[in-house]
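Here is the file query.pdb (PDB, C-alpha atoms, pLDDT in the B column).
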```pdb
MODEL        1
ATOM      1  CA  MET A  11      68.665 232.016 -48.055  1.00 65.00           C
ATOM      2  CA  ASP A  12      70.264 233.283 -51.228  1.00 90.00           C
ATOM      3  CA  ARG A  13      72.365 231.059 -53.428  1.00 91.00           C
ATOM      4  CA  LYS A  14      75.764 232.620 -52.602  1.00 91.00           C
ATOM      5  CA  LYS A  15      75.227 232.297 -48.848  1.00 92.00           C
ATOM      6  CA  LEU A  16      74.124 228.683 -49.231  1.00 92.00           C
ATOM      7  CA  MET A  17      77.198 227.853 -51.310  1.00 92.00           C
ATOM      8  CA  MET A  18      79.566 229.479 -48.796  1.00 91.00           C
ATOM      9  CA  THR A  19      77.904 227.583 -45.935  1.00 92.00           C
ATOM     10  CA  THR A  20      78.300 224.306 -47.798  1.00 92.00           C
ATOM     11  CA  VAL A  21      81.969 225.003 -48.501  1.00 88.00           C
ATOM     12  CA  ALA A  22      82.600 225.967 -44.871  1.00 88.00           C
ATOM     13  CA  LEU A  23      80.942 222.814 -43.539  1.00 90.00           C
ATOM     14  CA  GLY A  24      82.826 220.627 -46.010  1.00 86.00           C
ATOM     15  CA  THR A  25      86.118 222.235 -45.066  1.00 82.00           C
ATOM     16  CA  ALA A  26      85.409 221.829 -41.349  1.00 84.00           C
ATOM     17  CA  TYR A  27      84.675 218.139 -41.930  1.00 85.00           C
ATOM     18  CA  LEU A  28      87.908 217.635 -43.868  1.00 80.00           C
ATOM     19  CA  LEU A  29      90.005 219.482 -41.292  1.00 81.00           C
ATOM     20  CA  LYS A  30      89.083 216.938 -38.597  1.00 86.00           C
ATOM     21  CA  ASP A  31      91.550 214.384 -39.985  1.00 87.00           C
ATOM     22  CA  GLN A  32      95.307 215.184 -39.974  1.00 88.00           C
ATOM     23  CA  LYS A  33      95.945 213.632 -43.399  1.00 89.00           C
ATOM     24  CA  SER A  34      93.029 215.480 -44.993  1.00 85.00           C
ATOM     25  CA  ARG A  35      94.038 218.683 -43.214  1.00 85.00           C
ATOM     26  CA  SER A  36      97.546 218.637 -44.660  1.00 89.00           C
ATOM     27  CA  LYS A  37      96.207 217.859 -48.128  1.00 87.00           C
ATOM     28  CA  VAL A  38      93.688 220.734 -48.017  1.00 81.00           C
ATOM     29  CA  MET A  39      96.300 223.166 -46.702  1.00 85.00           C
ATOM     30  CA  SER A  40      98.793 222.246 -49.424  1.00 90.00           C
ATOM     31  CA  GLN A  41      96.114 222.694 -52.091  1.00 87.00           C
ATOM     32  CA  LEU A  42      95.187 226.114 -50.704  1.00 82.00           C
ATOM     33  CA  GLN A  43      98.837 227.144 -50.633  1.00 88.00           C
ATOM     34  CA  SER A  44      99.328 226.047 -54.238  1.00 90.00           C
ATOM     35  CA  LEU A  45      96.235 228.026 -55.217  1.00 83.00           C
ATOM     36  CA  GLY A  46      97.662 231.078 -53.481  1.00 79.00           C
ATOM     37  CA  THR A  47     100.988 230.818 -55.271  1.00 80.00           C
ATOM     38  CA  ALA A  48      99.280 230.222 -58.624  1.00 73.00           C
ATOM     39  CA  ASN A  49      97.243 233.415 -58.187  1.00 67.00           C
ATOM     40  CA  LYS A  50     100.378 235.405 -57.330  1.00 66.00           C
ATOM     41  CA  LYS A  51     102.152 234.166 -60.476  1.00 64.00           C
ATOM     42  CA  LYS A  52      99.249 235.288 -62.696  1.00 60.00           C
ATOM     43  CA  LYS A  53      99.460 238.881 -61.470  1.00 56.00           C
TER      44      LYS A  53
ENDMDL
END
```
Same coordinates, now as structure tokens:
Amino acid sequence: MDRKKLMMTTVALGTAYLLKDQKSRSKVMSQLQSLGTANKKKK
């Protein structure tokens, strides 16, 4: 397994674990939304 695929699998499993809990889910979603808006501002 190459390094990029391993890293993406690890991230996906970690995210799935965090999304099980409602509090963690809302925190992760707000962080992803703030990342999305930060990227739009840079462009």
* Structure fact -> What separates atom CA of Val38 of chain A and atom CA of Leu23 of chain A is a distance of 13.7 Å
* Asked: Which distance in Å separates atom CA of Met39 of chain A and atom CA of Thr19 of chain A, to one decimal?
  ->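 Computed distance, atom CA of Met39 of chain A to atom CA of Thr19 of chain A, equals 18.9 Å.
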* To do: Take atom CA of Ser36 of chain A and atom CA of Met17 of chain A and report the distance between them in Å, one decimal.
  =>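 It comes out at 23.3 Å.
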